[in-house]
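Here the structure is laid out as structure tokens; the discussion comes afterwards.
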Amino acid sequence: MEALVFWIAAAAMVAFTLLTIAARNPVYSACFMILSFAATAALFVLLDAYLIAAVEVLVYAGAIMVLFLFVIMLVNLRESEHEGLRLNPLMVLAAGTFLALMSRAVKDLGPAVQETPNTLVGTPGLLADTLFSRYVVPFEAVSGLLLAAILGTVVLARRKEDA
Amino acid sequence: MITVQHWLVLSGMVFTLGLCGVMMRRNVILVMMSVEIMLNAANLALVAFNKHLAPVAGTVPPDGQVLVFFTIAVAAAEVAVALVIAMLLFRRLDTVNVDDVANLRW
């Protein structure tokens, strides 16, 4: 059962990611990317990361993709500017090298072990305990980063005459 | 049966697709979406390793999952700023094609 869900969700994730980078219309790309994030959330549930799965849907598929769609619509490309795909040898070389390195690293992991489901690892309680004890300083640093991002966005996006 | 190798191969495949997207697309918004795909693949690998290394709750803290929180927060901040830059690009130069914005290229 678990294996079946894995194969379906993994196939969906790869297929939707492929469609994202291959779609000519940026709006279609964004829609396929939302579907790919939904498949990723299903995979996170399989990995017992329930809170991460929820955050993936809320933040990635929700907030970030809405942001992308907003900007795509604001920029409003004319139909003729929808680009085709260009394959160049350098790209094939880079992708091939990465895949080769990756498969080498996976081979070095040693014999495959059966993963046992563990429903306690991804609970909000355990994650919060870790986040607010061991990682409390990085956590505060992230709040500073988000504030900086908000201020930077407002300053950048403001038109000169409003100032 | 699904092992950590399966997850890493899946993550590597998705990461490669994102890499191809960055190199293939010329629309700056699509390039940023490809970067998001790559970050997402890395998140998947982090959670898979977390499950691999902490099979029993309580023995090892869920560091991998906490790290994913930080990646998601950094990705959100990065996307917000990058999209504003894309909008400014469109406002000033009337283009979102990365080939048209090569002033800083040597």
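Starting from 1 in every chain, residues are counted up; chains themselves are A, B, ... following the order of the structure tokens, and ligands are numbered from 1 as listed.
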Which residues come within 8 Å of region 36-43 of chain B, counting only C-alpha atoms, excluding same-chain residues fewer than 4 positions away, as a PyMOL selection string?
(chain A and resi 17) or (chain B and resi 11-12+14-19+32+47+68+71+75)
Using the chain letters and numbers from this document, which residues of chain B does DSSP assign to alpha helix (DSSP H), as a ChimeraX atom specification?
/B:4-24,28-53,63-93
Of the candidates A:Met91, A:Leu101, A:Leu69, A:Leu46, which shows the shortest atom-to-atom distance to chain B, using only C-alpha atoms?
A:Met91
Could you list the residues in chain B lying within 8 Å of chain A, using only C-alpha atoms, and format the result as number ranges by chain?
B: 1-5, 8-10, 12-14, 16-21, 23-27, 29-30, 33-34, 37, 44, 47-48, 51-52, 54-58, 61-63, 65-66, 68-70, 72-74, 76-81, 83-85, 87-88, 90
Save the residues we just selected, C-alpha atoms, as an mmCIF file, in the first residue's frame?
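What follows is the written file out05.cif:
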data_model
loop_
_atom_site.group_PDB
_atom_site.id
_atom_site.type_symbol
_atom_site.label_atom_id
_atom_site.label_comp_id
_atom_site.auth_asym_id
_atom_site.auth_seq_id
_atom_site.Cartn_x
_atom_site.Cartn_y
_atom_site.Cartn_z
ATOM 1 C CA MET B 1 9.604 -1.807 -0.360
ATOM 2 C CA ILE B 2 10.661 1.809 -0.316
ATOM 3 C CA THR B 3 14.157 2.626 0.934
ATOM 4 C CA VAL B 4 16.103 5.834 1.407
ATOM 5 C CA GLN B 5 17.717 5.195 -1.982
ATOM 6 C CA LEU B 8 17.261 10.156 -3.002
ATOM 7 C CA VAL B 9 16.899 9.091 -6.625
ATOM 8 C CA LEU B 10 13.534 10.833 -6.807
ATOM 9 C CA GLY B 12 17.951 13.877 -7.605
ATOM 10 C CA MET B 13 15.664 13.540 -10.618
ATOM 11 C CA VAL B 14 13.510 16.484 -9.579
ATOM 12 C CA THR B 16 17.991 17.790 -12.268
ATOM 13 C CA LEU B 17 14.705 18.870 -13.831
ATOM 14 C CA GLY B 18 14.952 22.166 -11.934
ATOM 15 C CA LEU B 19 18.553 22.566 -13.086
ATOM 16 C CA CYS B 20 17.462 22.031 -16.701
ATOM 17 C CA GLY B 21 14.698 24.589 -16.169
ATOM 18 C CA MET B 23 19.378 26.662 -17.963
ATOM 19 C CA MET B 24 16.622 26.234 -20.528
ATOM 20 C CA ARG B 25 14.080 28.939 -19.752
ATOM 21 C CA ARG B 26 14.724 32.568 -20.589
ATOM 22 C CA ASN B 27 11.785 34.094 -18.722
ATOM 23 C CA ILE B 29 9.931 34.197 -13.568
ATOM 24 C CA LEU B 30 10.292 30.674 -14.957
ATOM 25 C CA MET B 33 10.217 28.757 -10.433
ATOM 26 C CA SER B 34 12.926 26.296 -11.446
ATOM 27 C CA ILE B 37 11.792 23.195 -7.804
ATOM 28 C CA LEU B 44 12.561 16.023 0.025
ATOM 29 C CA VAL B 47 13.116 14.747 5.155
ATOM 30 C CA ALA B 48 14.122 11.366 3.687
ATOM 31 C CA LYS B 51 13.564 9.390 8.477
ATOM 32 C CA HIS B 52 16.616 7.311 7.631
ATOM 33 C CA ALA B 54 15.977 8.958 13.211
ATOM 34 C CA PRO B 55 13.881 5.823 12.849
ATOM 35 C CA VAL B 56 12.664 5.929 16.449
ATOM 36 C CA ALA B 57 11.178 9.122 17.861
ATOM 37 C CA GLY B 58 12.988 10.588 20.835
ATOM 38 C CA PRO B 61 15.856 15.125 17.278
ATOM 39 C CA PRO B 62 14.062 15.706 13.961
ATOM 40 C CA ASP B 63 16.833 17.986 12.694
ATOM 41 C CA GLN B 65 12.474 18.413 9.373
ATOM 42 C CA VAL B 66 13.448 21.532 11.336
ATOM 43 C CA VAL B 68 13.128 22.117 6.033
ATOM 44 C CA PHE B 69 11.258 24.811 7.978
ATOM 45 C CA PHE B 70 14.218 27.120 7.576
ATOM 46 C CA ILE B 72 10.869 27.124 3.329
ATOM 47 C CA ALA B 73 11.160 30.436 5.212
ATOM 48 C CA VAL B 74 14.281 31.451 3.278
ATOM 49 C CA ALA B 76 9.577 32.552 0.765
ATOM 50 C CA ALA B 77 11.737 35.594 1.541
ATOM 51 C CA GLU B 78 13.858 35.031 -1.556
ATOM 52 C CA VAL B 79 10.834 34.682 -3.842
ATOM 53 C CA ALA B 80 9.263 37.899 -2.549
ATOM 54 C CA VAL B 81 12.383 39.977 -3.227
ATOM 55 C CA LEU B 83 9.666 38.765 -7.875
ATOM 56 C CA VAL B 84 9.827 42.486 -7.047
ATOM 57 C CA ILE B 85 13.101 42.667 -8.958
ATOM 58 C CA MET B 87 8.564 43.464 -11.764
ATOM 59 C CA LEU B 88 11.005 46.392 -11.676
ATOM 60 C CA PHE B 90 9.549 44.768 -16.556
#
Identify, on the basis of only C-alpha atoms, every residue whose closest approach to Leu89 (chain B) does not exceed 10 Å; exclude the query and any residue fewer than 5 positions from it along the same chain; express the result as an MDAnalysis selection string.
(chainID A and resid 75) or (chainID B and resid 28 83:84 94:98 101)
Written file, previous selection with all heavy atoms, as an mmCIF file, in the first residue's frame:
data_model
loop_
_atom_site.group_PDB
_atom_site.id
_atom_site.type_symbol
_atom_site.label_atom_id
_atom_site.label_comp_id
_atom_site.auth_asym_id
_atom_site.auth_seq_id
_atom_site.Cartn_x
_atom_site.Cartn_y
_atom_site.Cartn_z
ATOM 1 N N VAL A 75 2.943 41.073 -15.221
ATOM 2 C CA VAL A 75 3.892 41.249 -16.323
ATOM 3 C C VAL A 75 3.192 41.034 -17.659
ATOM 4 O O VAL A 75 3.496 41.704 -18.642
ATOM 5 C CB VAL A 75 5.073 40.272 -16.122
ATOM 6 C CG1 VAL A 75 5.874 40.136 -17.377
ATOM 7 C CG2 VAL A 75 5.947 40.761 -14.990
ATOM 8 N N VAL B 28 12.511 35.261 -16.699
ATOM 9 C CA VAL B 28 13.117 35.306 -15.366
ATOM 10 C C VAL B 28 12.179 34.697 -14.320
ATOM 11 O O VAL B 28 12.630 34.077 -13.351
ATOM 12 C CB VAL B 28 13.536 36.750 -15.012
ATOM 13 C CG1 VAL B 28 12.346 37.656 -14.862
ATOM 14 C CG2 VAL B 28 14.372 36.778 -13.766
ATOM 15 N N LEU B 83 10.794 38.420 -7.016
ATOM 16 C CA LEU B 83 9.666 38.765 -7.875
ATOM 17 C C LEU B 83 9.525 40.276 -8.009
ATOM 18 O O LEU B 83 9.162 40.783 -9.065
ATOM 19 C CB LEU B 83 8.378 38.149 -7.330
ATOM 20 C CG LEU B 83 8.251 36.663 -7.610
ATOM 21 C CD1 LEU B 83 7.008 36.101 -6.975
ATOM 22 C CD2 LEU B 83 8.218 36.394 -9.103
ATOM 23 N N VAL B 84 9.854 41.023 -6.929
ATOM 24 C CA VAL B 84 9.827 42.486 -7.047
ATOM 25 C C VAL B 84 10.881 42.946 -8.039
ATOM 26 O O VAL B 84 10.636 43.840 -8.851
ATOM 27 C CB VAL B 84 10.049 43.140 -5.672
ATOM 28 C CG1 VAL B 84 10.259 44.623 -5.833
ATOM 29 C CG2 VAL B 84 8.864 42.884 -4.800
ATOM 30 N N ASP B 94 10.901 46.860 -19.834
ATOM 31 C CA ASP B 94 9.825 46.246 -20.604
ATOM 32 C C ASP B 94 10.201 44.858 -21.113
ATOM 33 O O ASP B 94 9.894 44.490 -22.236
ATOM 34 C CB ASP B 94 9.433 47.158 -21.778
ATOM 35 C CG ASP B 94 8.047 46.790 -22.282
ATOM 36 O OD1 ASP B 94 7.228 46.380 -21.446
ATOM 37 O OD2 ASP B 94 7.807 46.904 -23.488
ATOM 38 N N THR B 95 10.903 44.095 -20.291
ATOM 39 C CA THR B 95 11.246 42.732 -20.672
ATOM 40 C C THR B 95 11.410 41.885 -19.417
ATOM 41 O O THR B 95 11.739 42.410 -18.360
ATOM 42 C CB THR B 95 12.543 42.677 -21.487
ATOM 43 O OG1 THR B 95 12.812 41.330 -21.815
ATOM 44 C CG2 THR B 95 13.712 43.238 -20.727
ATOM 45 N N VAL B 96 11.147 40.596 -19.553
ATOM 46 C CA VAL B 96 11.493 39.669 -18.468
ATOM 47 C C VAL B 96 12.417 38.589 -19.000
ATOM 48 O O VAL B 96 12.594 37.554 -18.376
ATOM 49 C CB VAL B 96 10.253 39.024 -17.821
ATOM 50 C CG1 VAL B 96 9.562 39.974 -16.883
ATOM 51 C CG2 VAL B 96 9.311 38.477 -18.862
ATOM 52 N N ASN B 97 13.007 38.842 -20.166
ATOM 53 C CA ASN B 97 13.920 37.863 -20.752
ATOM 54 C C ASN B 97 15.318 38.078 -20.185
ATOM 55 O O ASN B 97 15.861 39.171 -20.269
ATOM 56 C CB ASN B 97 13.923 38.047 -22.268
ATOM 57 C CG ASN B 97 14.662 36.936 -22.962
ATOM 58 O OD1 ASN B 97 15.680 36.463 -22.465
ATOM 59 N ND2 ASN B 97 14.157 36.503 -24.092
ATOM 60 N N VAL B 98 15.894 37.020 -19.608
ATOM 61 C CA VAL B 98 17.195 37.193 -18.948
ATOM 62 C C VAL B 98 18.300 37.511 -19.966
ATOM 63 O O VAL B 98 19.313 38.088 -19.596
ATOM 64 C CB VAL B 98 17.593 35.951 -18.126
ATOM 65 C CG1 VAL B 98 16.775 35.866 -16.868
ATOM 66 C CG2 VAL B 98 17.465 34.694 -18.949
ATOM 67 N N VAL B 101 18.922 41.275 -20.308
ATOM 68 C CA VAL B 101 19.462 41.972 -19.134
ATOM 69 C C VAL B 101 20.839 41.411 -18.865
ATOM 70 O O VAL B 101 21.055 40.670 -17.913
ATOM 71 C CB VAL B 101 18.546 41.792 -17.916
ATOM 72 C CG1 VAL B 101 18.908 42.791 -16.838
ATOM 73 C CG2 VAL B 101 17.103 41.972 -18.309
#
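If you look at CA of Asn50 (chain B) and CA of Ile34 (chain A), they are 24.7 Å away from each other.
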